[in-house]
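Below is one structure, written out as structure tokens; comments come after it.
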Amino acid sequence: MTMLHTVNKSPFERNTLESCLRLAKKGSAVLLFEDGVIGAMQNTKFSEKVSQAMSDLSFYVLGPDIKARGLSEKKVIDGIKVVDYNDFVDLTAEHNAVQSWL
Amino acid sequence: MTMLHTVNKSPFERNTLESCLRLAKKGSAVLLFEDGVIGAMQNTKFSEKVSQAMSDLSFYVLGPDIKARGLSEKKVIDGIKVVDYNDFVDLTAEHNAVQSWL
Amino acid sequence: METAEGVVKKFCYMNRKAPYGTIYALESLEVVLIAAAFDQDISLVFADDGVYQLTKDQDTDGIGMKNFSKTYSALGDYDINKIYVEKESLEERGLSVDDLQALTYEDEDDDWAEKNSLFVVGREELTALIDEQDVVLSF
Amino acid sequence: METAEGVVKKFCYMNRKAPYGTIYALESLEVVLIAAAFDQDISLVFADDGVYQLTKDQDTDGIGMKNFSKTYSALGDYDINKIYVEKESLEERGLSVDDLQALTYEDEDDDWAEKNSLFVVGREELTALIDEQDVVLSF
Amino acid sequence: MKFGIVINEGPYTHQSSDSALQFVKAALGKGHEIFRIFFYHDGVNNGTDLGVPPQDDRNLAKEWSELAEKHGLDLVVCIAAAQRRGMLDADEMKRHGKNASNLSKGFRISGLGQLIEAGIQADRLVTFGD
Amino acid sequence: MKFGIVINEGPYTHQSSDSALQFVKAALGKGHEIFRIFFYHDGVNNGTDLGVPPQDDRNLAKEWSELAEKHGLDLVVCIAAAQRRGMLDADEMKRHGKNASNLSKGFRISGLGQLIEAGIQADRLVTFGD
């Protein structure tokens, strides 16, 4: 029984990623998309925090949103899987419920 | 030559108060209103940060927005002046320009 | 309701924003009042700035907006009696349960005794509670 | 323009949000392009997540939205050549000026020599710059 | 699998409507069923028939209408949210004595019960918002 | 003193329109002049004529219209932002071959130059947004 959590805002701008990491149960999955992809990038103020959370949670990031923002999929934090919209649908189906952190 | 900076979001939710404190010049005024009034309250995670900023900046908070949220004007951080919409207009007129941190 | 047909899902209404600055608090309440007519298992969660939605003594006269805070105390009449507030969110804001409205319901299985429906829960308990939901609606 | 009548004010366009997640970046650019027709003193500031607006190689094919990033390089043709990026905002995001588009203009007072119009400035310099503005438009 | 979709923000200002559109197309492409798409809060503005976006940009209301027609999607605009924000179909126009209606083809206006029903009937409810 | 006001968000969803209304009333009460109120981004939705908010709530479009009439305020809706979001006056309706217009009395549609002009002419420009 695990849940998919989605975060669509930059951790620099909003507190949604932080709240998600605080309240997502161990073993859950987190998908970063829209401006949320910023939280998946290496060498930011938040990278270390996300890396640490990877011991409890599986992370995914939406590739099309990375590309739109001129960022490189090569600079995604190691261990975060880059996915497309088809995978987003699969992730939703594979988990028991979806919580959007808005 | 001083500017009035306005912040309308809670420091828990957004980074606007933080950005304002970082980029407002010494001697400027900061008005907290709408959900921004949360940043003016005592005993929150951010109270200490706001108190420290008071050595460089003058703080004001809009009373009607405090009351709407069930908060007490008595619990506003010492040194922050509670104002009404008339004072908001006066503050705008007394300063050289207004920057809304959105 | 015609759509329920015996299916009972756990619905969680997750409220994380202060009232009045945005409409999400009010429109969340509108959903909850409608949801009460369906025979589903309803929990309301107030975390982060959502805890401000439940403060006592809200007075919106000065901002020209409708004060909807009284509606929370009517939730008990709609059999909505599992209302959770995150303890740590209150603490970070210098608030305690005494700053919030008292929310109660009358228990029909216990001779209509008036009982508390607002529960302050710690982070771990809240995490477990969210995880067992079938549907989470975020506001 | 008819309204200028000799008044020249310092206008600052403050961009603090990432592109595409919200429309503010695009609609800010639309204002700036119109503003160029008025004889005013224009500065653009990119701070916080606003620095992502200027990244190279934006590719929006996968999200079905219009890629407007090429427009920034046309700003020089509109005599908009004071474009400031906050150094600390770049650093906190692991970005450097090499990740951003090169923005230039042709200086009519210097035999149309091509010159840089994008300046990375530190927090203190930016603070002083903002403070001397007459009008700040926030996006 | 049956999906319910909730869209909380209007077109263009936030990416939510775009993201939902891409998600729904992908889900349909994989053979999933979309039980209902519910437009709430400012999301009701996605149903406007009066939008004229720039020629070189996408037209979100039109894309939703066309997708709905092609796949028989149920696009529901929340009546309470719509009334506040000035989204009306012909019936609502008459009922409130207004001179115009502005709901696009393929959208219908209905109550919040439709959202709860989507939560009950769909295997997964996915929300796109601000 | 001459004020220019910018409103970036639509009615009800964000407090910006309410805050601006209170500010403008206070400024007028103090004898200041309001040079122009410019509605940008989702702010254009404040101009809708089709809103039917609950009876016990405020009607923002109506409050703006009435205030404008009483004090001769210049309420300008940005044309580019309005086209995207489906706000049209009668002229725009004809120009784009639409069947309806939805702009309230007292509002007019015009270009972004009106915003810049407000910045130049007004002594202070105050923005209300999200």
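Here, A, B, ... name the chains of the structure tokens in the order displayed, residue numbers run from 1 inside each chain, and ligands are numbered from 1 in the same displayed order.
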Using the chain letters and numbers from this document, which residues of chain B does DSSP assign to strand (DSSP E or B), as number ranges by chain? B: 3-7, 14, 29-32, 41, 58-62, 76, 81-83, 97-101
Next, dump the selected residues to file, keeping only N, CA, C and O atoms, as an mmCIF file, in the first residue's frame.
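Ended up saving to again-v3.cif:
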data_model
loop_
_atom_site.group_PDB
_atom_site.id
_atom_site.type_symbol
_atom_site.label_atom_id
_atom_site.label_comp_id
_atom_site.auth_asym_id
_atom_site.auth_seq_id
_atom_site.Cartn_x
_atom_site.Cartn_y
_atom_site.Cartn_z
ATOM 1 N N MET B 3 11.915 53.339 0.129
ATOM 2 C CA MET B 3 10.869 52.635 -0.587
ATOM 3 C C MET B 3 9.975 51.895 0.398
ATOM 4 O O MET B 3 10.421 51.488 1.469
ATOM 5 N N LEU B 4 8.712 51.711 -0.011
ATOM 6 C CA LEU B 4 7.802 50.859 0.760
ATOM 7 C C LEU B 4 7.726 49.502 0.069
ATOM 8 O O LEU B 4 7.436 49.427 -1.126
ATOM 9 N N HIS B 5 8.023 48.454 0.815
ATOM 10 C CA HIS B 5 7.925 47.093 0.288
ATOM 11 C C HIS B 5 6.689 46.432 0.882
ATOM 12 O O HIS B 5 6.465 46.530 2.094
ATOM 13 N N THR B 6 5.897 45.765 0.060
ATOM 14 C CA THR B 6 4.731 45.062 0.601
ATOM 15 C C THR B 6 4.890 43.558 0.393
ATOM 16 O O THR B 6 5.403 43.107 -0.636
ATOM 17 N N VAL B 7 4.458 42.804 1.405
ATOM 18 C CA VAL B 7 4.521 41.337 1.350
ATOM 19 C C VAL B 7 3.136 40.815 1.730
ATOM 20 O O VAL B 7 2.625 41.150 2.802
ATOM 21 N N ARG B 14 5.569 30.838 1.229
ATOM 22 C CA ARG B 14 6.321 31.386 0.096
ATOM 23 C C ARG B 14 7.634 31.997 0.546
ATOM 24 O O ARG B 14 7.841 32.282 1.718
ATOM 25 N N ALA B 29 10.760 50.699 4.427
ATOM 26 C CA ALA B 29 9.629 50.220 5.217
ATOM 27 C C ALA B 29 9.049 48.965 4.581
ATOM 28 O O ALA B 29 9.084 48.803 3.357
ATOM 29 N N VAL B 30 8.545 48.075 5.438
ATOM 30 C CA VAL B 30 7.923 46.838 4.966
ATOM 31 C C VAL B 30 6.515 46.754 5.554
ATOM 32 O O VAL B 30 6.343 46.845 6.771
ATOM 33 N N LEU B 31 5.516 46.596 4.665
ATOM 34 C CA LEU B 31 4.142 46.414 5.134
ATOM 35 C C LEU B 31 3.710 44.975 4.875
ATOM 36 O O LEU B 31 3.758 44.498 3.743
ATOM 37 N N LEU B 32 3.270 44.305 5.941
ATOM 38 C CA LEU B 32 2.769 42.940 5.815
ATOM 39 C C LEU B 32 1.247 42.980 5.776
ATOM 40 O O LEU B 32 0.620 43.559 6.666
ATOM 41 N N MET B 41 3.587 37.931 13.473
ATOM 42 C CA MET B 41 3.140 37.407 14.759
ATOM 43 C C MET B 41 4.299 36.895 15.625
ATOM 44 O O MET B 41 5.294 36.390 15.120
ATOM 45 N N SER B 58 11.727 49.399 8.909
ATOM 46 C CA SER B 58 10.529 49.672 9.713
ATOM 47 C C SER B 58 9.424 48.730 9.263
ATOM 48 O O SER B 58 9.156 48.616 8.065
ATOM 49 N N PHE B 59 8.759 48.108 10.241
ATOM 50 C CA PHE B 59 7.706 47.150 9.890
ATOM 51 C C PHE B 59 6.324 47.651 10.268
ATOM 52 O O PHE B 59 6.118 48.222 11.336
ATOM 53 N N TYR B 60 5.371 47.372 9.367
ATOM 54 C CA TYR B 60 3.966 47.683 9.581
ATOM 55 C C TYR B 60 3.152 46.442 9.235
ATOM 56 O O TYR B 60 3.570 45.635 8.415
ATOM 57 N N VAL B 61 2.000 46.304 9.877
ATOM 58 C CA VAL B 61 1.138 45.167 9.559
ATOM 59 C C VAL B 61 -0.309 45.655 9.527
ATOM 60 O O VAL B 61 -0.715 46.502 10.316
ATOM 61 N N LEU B 62 -1.081 45.122 8.590
ATOM 62 C CA LEU B 62 -2.450 45.595 8.391
ATOM 63 C C LEU B 62 -3.410 44.909 9.371
ATOM 64 O O LEU B 62 -3.663 43.702 9.275
ATOM 65 N N VAL B 76 1.252 40.724 18.095
ATOM 66 C CA VAL B 76 2.168 41.171 17.046
ATOM 67 C C VAL B 76 3.545 41.416 17.672
ATOM 68 O O VAL B 76 3.637 41.876 18.818
ATOM 69 N N LYS B 81 4.275 48.138 13.831
ATOM 70 C CA LYS B 81 3.124 49.005 14.039
ATOM 71 C C LYS B 81 1.895 48.466 13.299
ATOM 72 O O LYS B 81 1.968 48.177 12.100
ATOM 73 N N VAL B 82 0.789 48.338 14.023
ATOM 74 C CA VAL B 82 -0.454 47.882 13.402
ATOM 75 C C VAL B 82 -1.141 49.073 12.737
ATOM 76 O O VAL B 82 -1.335 50.107 13.362
ATOM 77 N N VAL B 83 -1.486 48.924 11.470
ATOM 78 C CA VAL B 83 -2.072 50.040 10.709
ATOM 79 C C VAL B 83 -3.379 49.614 10.049
ATOM 80 O O VAL B 83 -3.698 48.427 9.990
ATOM 81 N N ALA B 97 8.504 55.084 -3.628
ATOM 82 C CA ALA B 97 7.980 54.103 -4.568
ATOM 83 C C ALA B 97 7.540 52.891 -3.767
ATOM 84 O O ALA B 97 7.885 52.757 -2.592
ATOM 85 N N VAL B 98 6.758 52.045 -4.406
ATOM 86 C CA VAL B 98 6.250 50.849 -3.734
ATOM 87 C C VAL B 98 6.682 49.625 -4.522
ATOM 88 O O VAL B 98 6.495 49.568 -5.735
ATOM 89 N N GLN B 99 7.288 48.674 -3.824
ATOM 90 C CA GLN B 99 7.553 47.411 -4.493
ATOM 91 C C GLN B 99 6.727 46.317 -3.840
ATOM 92 O O GLN B 99 6.842 46.037 -2.640
ATOM 93 N N SER B 100 5.885 45.679 -4.644
ATOM 94 C CA SER B 100 5.097 44.545 -4.162
ATOM 95 C C SER B 100 5.897 43.278 -4.421
ATOM 96 O O SER B 100 6.230 42.978 -5.563
ATOM 97 N N TRP B 101 6.180 42.548 -3.367
ATOM 98 C CA TRP B 101 6.896 41.271 -3.534
ATOM 99 C C TRP B 101 5.878 40.194 -3.806
ATOM 100 O O TRP B 101 5.165 39.768 -2.893
#
Distance cut-off 9 Å, counting only C-alpha atoms - which residues of chain F neighbour chain B? Return them as an MDAnalysis selection string. chainID F and resid 1 3 15:16 19 22:27 29:30 123:130
Take the selection from the previous step and output its residues with N, CA, C and O atoms, as a PDB file, in the first residue's frame.
ATOM      1  N   MET F   1      -2.377  63.414  -4.152  1.00  0.00           N
ATOM      2  CA  MET F   1      -1.406  62.615  -4.896  1.00  0.00           C
ATOM      3  C   MET F   1      -2.126  61.704  -5.896  1.00  0.00           C
ATOM      4  O   MET F   1      -3.255  61.298  -5.669  1.00  0.00           O
ATOM      5  N   PHE F   3      -2.534  58.189  -7.779  1.00  0.00           N
ATOM      6  CA  PHE F   3      -2.187  56.781  -7.672  1.00  0.00           C
ATOM      7  C   PHE F   3      -2.540  56.011  -8.947  1.00  0.00           C
ATOM      8  O   PHE F   3      -3.580  56.246  -9.549  1.00  0.00           O
ATOM      9  N   GLN F  15      -6.999  37.346  -2.723  1.00  0.00           N
ATOM     10  CA  GLN F  15      -7.529  38.529  -2.041  1.00  0.00           C
ATOM     11  C   GLN F  15      -7.182  39.831  -2.759  1.00  0.00           C
ATOM     12  O   GLN F  15      -7.672  40.905  -2.373  1.00  0.00           O
ATOM     13  N   SER F  16      -6.378  39.764  -3.806  1.00  0.00           N
ATOM     14  CA  SER F  16      -5.827  41.004  -4.388  1.00  0.00           C
ATOM     15  C   SER F  16      -6.888  42.016  -4.797  1.00  0.00           C
ATOM     16  O   SER F  16      -6.726  43.209  -4.553  1.00  0.00           O
ATOM     17  N   SER F  19      -8.302  43.591  -1.611  1.00  0.00           N
ATOM     18  CA  SER F  19      -7.356  44.507  -0.978  1.00  0.00           C
ATOM     19  C   SER F  19      -7.263  45.808  -1.763  1.00  0.00           C
ATOM     20  O   SER F  19      -7.238  46.895  -1.186  1.00  0.00           O
ATOM     21  N   GLN F  22     -10.288  48.015  -1.085  1.00  0.00           N
ATOM     22  CA  GLN F  22     -10.198  48.717   0.201  1.00  0.00           C
ATOM     23  C   GLN F  22      -9.187  49.858   0.127  1.00  0.00           C
ATOM     24  O   GLN F  22      -9.403  50.945   0.677  1.00  0.00           O
ATOM     25  N   PHE F  23      -8.079  49.593  -0.546  1.00  0.00           N
ATOM     26  CA  PHE F  23      -7.042  50.617  -0.688  1.00  0.00           C
ATOM     27  C   PHE F  23      -7.576  51.819  -1.471  1.00  0.00           C
ATOM     28  O   PHE F  23      -7.378  52.974  -1.076  1.00  0.00           O
ATOM     29  N   VAL F  24      -8.237  51.523  -2.578  1.00  0.00           N
ATOM     30  CA  VAL F  24      -8.750  52.599  -3.435  1.00  0.00           C
ATOM     31  C   VAL F  24      -9.800  53.428  -2.694  1.00  0.00           C
ATOM     32  O   VAL F  24      -9.795  54.661  -2.761  1.00  0.00           O
ATOM     33  N   LYS F  25     -10.693  52.752  -1.963  1.00  0.00           N
ATOM     34  CA  LYS F  25     -11.700  53.477  -1.180  1.00  0.00           C
ATOM     35  C   LYS F  25     -11.026  54.399  -0.157  1.00  0.00           C
ATOM     36  O   LYS F  25     -11.442  55.549   0.027  1.00  0.00           O
ATOM     37  N   ALA F  26      -9.995  53.885   0.512  1.00  0.00           N
ATOM     38  CA  ALA F  26      -9.285  54.690   1.512  1.00  0.00           C
ATOM     39  C   ALA F  26      -8.597  55.882   0.841  1.00  0.00           C
ATOM     40  O   ALA F  26      -8.648  57.007   1.346  1.00  0.00           O
ATOM     41  N   ALA F  27      -7.976  55.642  -0.300  1.00  0.00           N
ATOM     42  CA  ALA F  27      -7.268  56.716  -1.001  1.00  0.00           C
ATOM     43  C   ALA F  27      -8.245  57.807  -1.451  1.00  0.00           C
ATOM     44  O   ALA F  27      -7.967  59.000  -1.298  1.00  0.00           O
ATOM     45  N   GLY F  29     -11.115  58.429  -0.112  1.00  0.00           N
ATOM     46  CA  GLY F  29     -11.604  59.061   1.110  1.00  0.00           C
ATOM     47  C   GLY F  29     -10.655  60.129   1.627  1.00  0.00           C
ATOM     48  O   GLY F  29     -11.057  61.093   2.280  1.00  0.00           O
ATOM     49  N   LYS F  30      -9.384  59.952   1.336  1.00  0.00           N
ATOM     50  CA  LYS F  30      -8.377  60.913   1.773  1.00  0.00           C
ATOM     51  C   LYS F  30      -8.149  62.012   0.740  1.00  0.00           C
ATOM     52  O   LYS F  30      -7.232  62.825   0.894  1.00  0.00           O
ATOM     53  N   ASP F 123       1.898  59.317  -9.398  1.00  0.00           N
ATOM     54  CA  ASP F 123       3.007  59.539  -8.461  1.00  0.00           C
ATOM     55  C   ASP F 123       3.453  58.224  -7.836  1.00  0.00           C
ATOM     56  O   ASP F 123       4.615  58.058  -7.488  1.00  0.00           O
ATOM     57  N   ARG F 124       2.504  57.313  -7.651  1.00  0.00           N
ATOM     58  CA  ARG F 124       2.816  55.995  -7.082  1.00  0.00           C
ATOM     59  C   ARG F 124       2.038  54.936  -7.836  1.00  0.00           C
ATOM     60  O   ARG F 124       0.833  55.098  -8.064  1.00  0.00           O
ATOM     61  N   LEU F 125       2.693  53.838  -8.162  1.00  0.00           N
ATOM     62  CA  LEU F 125       2.022  52.697  -8.760  1.00  0.00           C
ATOM     63  C   LEU F 125       2.024  51.575  -7.724  1.00  0.00           C
ATOM     64  O   LEU F 125       3.089  51.195  -7.219  1.00  0.00           O
ATOM     65  N   VAL F 126       0.853  51.082  -7.389  1.00  0.00           N
ATOM     66  CA  VAL F 126       0.748  50.041  -6.357  1.00  0.00           C
ATOM     67  C   VAL F 126       0.138  48.785  -6.977  1.00  0.00           C
ATOM     68  O   VAL F 126      -0.933  48.850  -7.583  1.00  0.00           O
ATOM     69  N   THR F 127       0.838  47.664  -6.816  1.00  0.00           N
ATOM     70  CA  THR F 127       0.400  46.418  -7.444  1.00  0.00           C
ATOM     71  C   THR F 127      -0.165  45.450  -6.409  1.00  0.00           C
ATOM     72  O   THR F 127       0.432  45.246  -5.354  1.00  0.00           O
ATOM     73  N   PHE F 128      -1.310  44.860  -6.734  1.00  0.00           N
ATOM     74  CA  PHE F 128      -1.924  43.829  -5.887  1.00  0.00           C
ATOM     75  C   PHE F 128      -1.945  42.522  -6.669  1.00  0.00           C
ATOM     76  O   PHE F 128      -2.461  42.483  -7.786  1.00  0.00           O
ATOM     77  N   GLY F 129      -1.354  41.473  -6.100  1.00  0.00           N
ATOM     78  CA  GLY F 129      -1.269  40.224  -6.862  1.00  0.00           C
ATOM     79  C   GLY F 129      -1.210  38.994  -5.985  1.00  0.00           C
ATOM     80  O   GLY F 129      -1.537  39.039  -4.801  1.00  0.00           O
ATOM     81  N   ASP F 130      -0.740  37.897  -6.575  1.00  0.00           N
ATOM     82  CA  ASP F 130      -0.669  36.624  -5.848  1.00  0.00           C
ATOM     83  C   ASP F 130       0.689  36.507  -5.177  1.00  0.00           C
ATOM     84  O   ASP F 130       1.702  36.880  -5.746  1.00  0.00           O
TER      85      ASP F 130
END
Tell me the residues of chain D close to chain A, meaning within 9 Å using only C-alpha atoms, as a list in words.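 That gives the following set of residues: Lys17, Ala18, Pro19, Tyr20, Gly21, Thr22, Asp48, Asp49, Tyr52, Gln53, Leu54, Thr55, Lys56, Asp57, Gln58, Asp59, Thr60, Asp61, Gly62, Ile63, Met65, Asn67, Glu91, Glu92, Arg93, Gly94, Leu95, Asp99 and Leu100 of chain D.
Residues from chain D that have an atom within 7 Å of chain F, counting only C-alpha atoms, are Thr3, Lys9, Val31, Ile34, Ala35 and Val135 of chain D.
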Please return, as a PyMOL selection string, all residues of chain E lying within 12 Å of chain F when only C-alpha atoms are considered. chain E and resi 8-14+40-61+79-90+92-104+130
Check the smallest atom-to-atom distance from each of A:Thr2, A:Leu23, A:Glu18, A:Ser51 to Met14 of chain C using only C-alpha atoms, then report the winner.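 Answer, going by the shortest atom-to-atom distance: A:Leu23.
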As a JSON list (two decimals) with N, CA, C and O atoms, in the first residue's frame, list the residues of segment 29-79 of chain B assigned to helix (DSSP H, G or I) by DSSP on the backbone atoms of this structure.
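Wrote out-v9.json, looks like this:
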[["chain", "number", "residue", "atom", "x", "y", "z"],
["B", 34, "GLU", "N", -2.62, 40.90, 3.90],
["B", 34, "GLU", "CA", -3.20, 39.62, 3.46],
["B", 34, "GLU", "C", -2.57, 38.49, 4.29],
["B", 34, "GLU", "O", -2.37, 38.65, 5.48],
["B", 35, "ASP", "N", -2.24, 37.34, 3.66],
["B", 35, "ASP", "CA", -1.63, 36.25, 4.44],
["B", 35, "ASP", "C", -0.25, 36.62, 4.97],
["B", 35, "ASP", "O", 0.32, 35.92, 5.82],
["B", 36, "GLY", "N", 0.29, 37.73, 4.48],
["B", 36, "GLY", "CA", 1.59, 38.20, 4.96],
["B", 36, "GLY", "C", 1.61, 38.57, 6.42],
["B", 36, "GLY", "O", 2.68, 38.61, 7.05],
["B", 37, "VAL", "N", 0.43, 38.82, 7.01],
["B", 37, "VAL", "CA", 0.38, 39.22, 8.42],
["B", 37, "VAL", "C", 0.92, 38.11, 9.33],
["B", 37, "VAL", "O", 1.36, 38.39, 10.46],
["B", 38, "ILE", "N", 0.91, 36.89, 8.84],
["B", 38, "ILE", "CA", 1.44, 35.77, 9.63],
["B", 38, "ILE", "C", 2.90, 36.03, 10.01],
["B", 38, "ILE", "O", 3.34, 35.66, 11.09],
["B", 39, "GLY", "N", 3.61, 36.71, 9.13],
["B", 39, "GLY", "CA", 5.01, 37.03, 9.39],
["B", 39, "GLY", "C", 5.22, 38.05, 10.50],
["B", 39, "GLY", "O", 6.34, 38.26, 10.96],
["B", 40, "ALA", "N", 4.14, 38.69, 10.94],
["B", 40, "ALA", "CA", 4.25, 39.72, 11.98],
["B", 40, "ALA", "C", 3.95, 39.19, 13.37],
["B", 40, "ALA", "O", 4.05, 39.94, 14.35],
["B", 47, "SER", "N", 9.57, 34.62, 13.70],
["B", 47, "SER", "CA", 9.52, 35.85, 14.51],
["B", 47, "SER", "C", 10.92, 36.43, 14.76],
["B", 47, "SER", "O", 11.13, 37.64, 14.66],
["B", 48, "GLU", "N", 11.85, 35.54, 15.08],
["B", 48, "GLU", "CA", 13.20, 35.97, 15.42],
["B", 48, "GLU", "C", 13.86, 36.68, 14.22],
["B", 48, "GLU", "O", 14.49, 37.72, 14.36],
["B", 49, "LYS", "N", 13.66, 36.08, 13.03],
["B", 49, "LYS", "CA", 14.23, 36.64, 11.81],
["B", 49, "LYS", "C", 13.67, 38.05, 11.53],
["B", 49, "LYS", "O", 14.41, 38.96, 11.14],
["B", 50, "VAL", "N", 12.39, 38.21, 11.75],
["B", 50, "VAL", "CA", 11.75, 39.51, 11.53],
["B", 50, "VAL", "C", 12.24, 40.52, 12.57],
["B", 50, "VAL", "O", 12.57, 41.66, 12.23],
["B", 51, "SER", "N", 12.32, 40.08, 13.83],
["B", 51, "SER", "CA", 12.82, 40.97, 14.89],
["B", 51, "SER", "C", 14.22, 41.49, 14.55],
["B", 51, "SER", "O", 14.51, 42.67, 14.72],
["B", 52, "GLN", "N", 15.05, 40.57, 14.08],
["B", 52, "GLN", "CA", 16.42, 40.99, 13.72],
["B", 52, "GLN", "C", 16.42, 42.02, 12.59],
["B", 52, "GLN", "O", 17.22, 42.95, 12.59],
["B", 53, "ALA", "N", 15.52, 41.82, 11.62],
["B", 53, "ALA", "CA", 15.48, 42.73, 10.47],
["B", 53, "ALA", "C", 15.02, 44.13, 10.88],
["B", 53, "ALA", "O", 15.22, 45.10, 10.15],
["B", 63, "GLY", "N", -3.96, 45.70, 10.30],
["B", 63, "GLY", "CA", -4.84, 45.17, 11.35],
["B", 63, "GLY", "C", -6.04, 44.38, 10.83],
["B", 63, "GLY", "O", -6.33, 43.29, 11.34],
["B", 64, "PRO", "N", -6.77, 44.89, 9.84],
["B", 64, "PRO", "CA", -7.95, 44.15, 9.35],
["B", 64, "PRO", "C", -7.61, 42.73, 8.90],
["B", 64, "PRO", "O", -8.42, 41.81, 9.07],
["B", 65, "ASP", "N", -6.42, 42.54, 8.33],
["B", 65, "ASP", "CA", -6.04, 41.19, 7.90],
["B", 65, "ASP", "C", -5.67, 40.30, 9.08],
["B", 65, "ASP", "O", -5.83, 39.08, 9.02],
["B", 66, "ILE", "N", -5.16, 40.89, 10.15],
["B", 66, "ILE", "CA", -4.88, 40.12, 11.37],
["B", 66, "ILE", "C", -6.19, 39.61, 11.96],
["B", 66, "ILE", "O", -6.34, 38.42, 12.25],
["B", 67, "LYS", "N", -7.16, 40.53, 12.11],
["B", 67, "LYS", "CA", -8.45, 40.15, 12.70],
["B", 67, "LYS", "C", -9.17, 39.10, 11.88],
["B", 67, "LYS", "O", -9.80, 38.19, 12.41],
["B", 68, "ALA", "N", -9.12, 39.24, 10.56],
["B", 68, "ALA", "CA", -9.82, 38.28, 9.70],
["B", 68, "ALA", "C", -9.33, 36.86, 9.96],
["B", 68, "ALA", "O", -10.12, 35.91, 9.95],
["B", 73, "GLU", "N", -4.04, 41.40, 17.70],
["B", 73, "GLU", "CA", -3.08, 42.49, 17.52],
["B", 73, "GLU", "C", -2.11, 42.56, 18.70],
["B", 73, "GLU", "O", -1.02, 43.10, 18.58],
["B", 74, "LYS", "N", -2.54, 42.00, 19.84],
["B", 74, "LYS", "CA", -1.67, 41.99, 21.02],
["B", 74, "LYS", "C", -0.49, 41.05, 20.84],
["B", 74, "LYS", "O", 0.50, 41.14, 21.56],
["B", 75, "LYS", "N", -0.63, 40.12, 19.93],
["B", 75, "LYS", "CA", 0.44, 39.14, 19.73],
["B", 75, "LYS", "C", 1.35, 39.47, 18.54],
["B", 75, "LYS", "O", 2.09, 38.63, 18.05]]
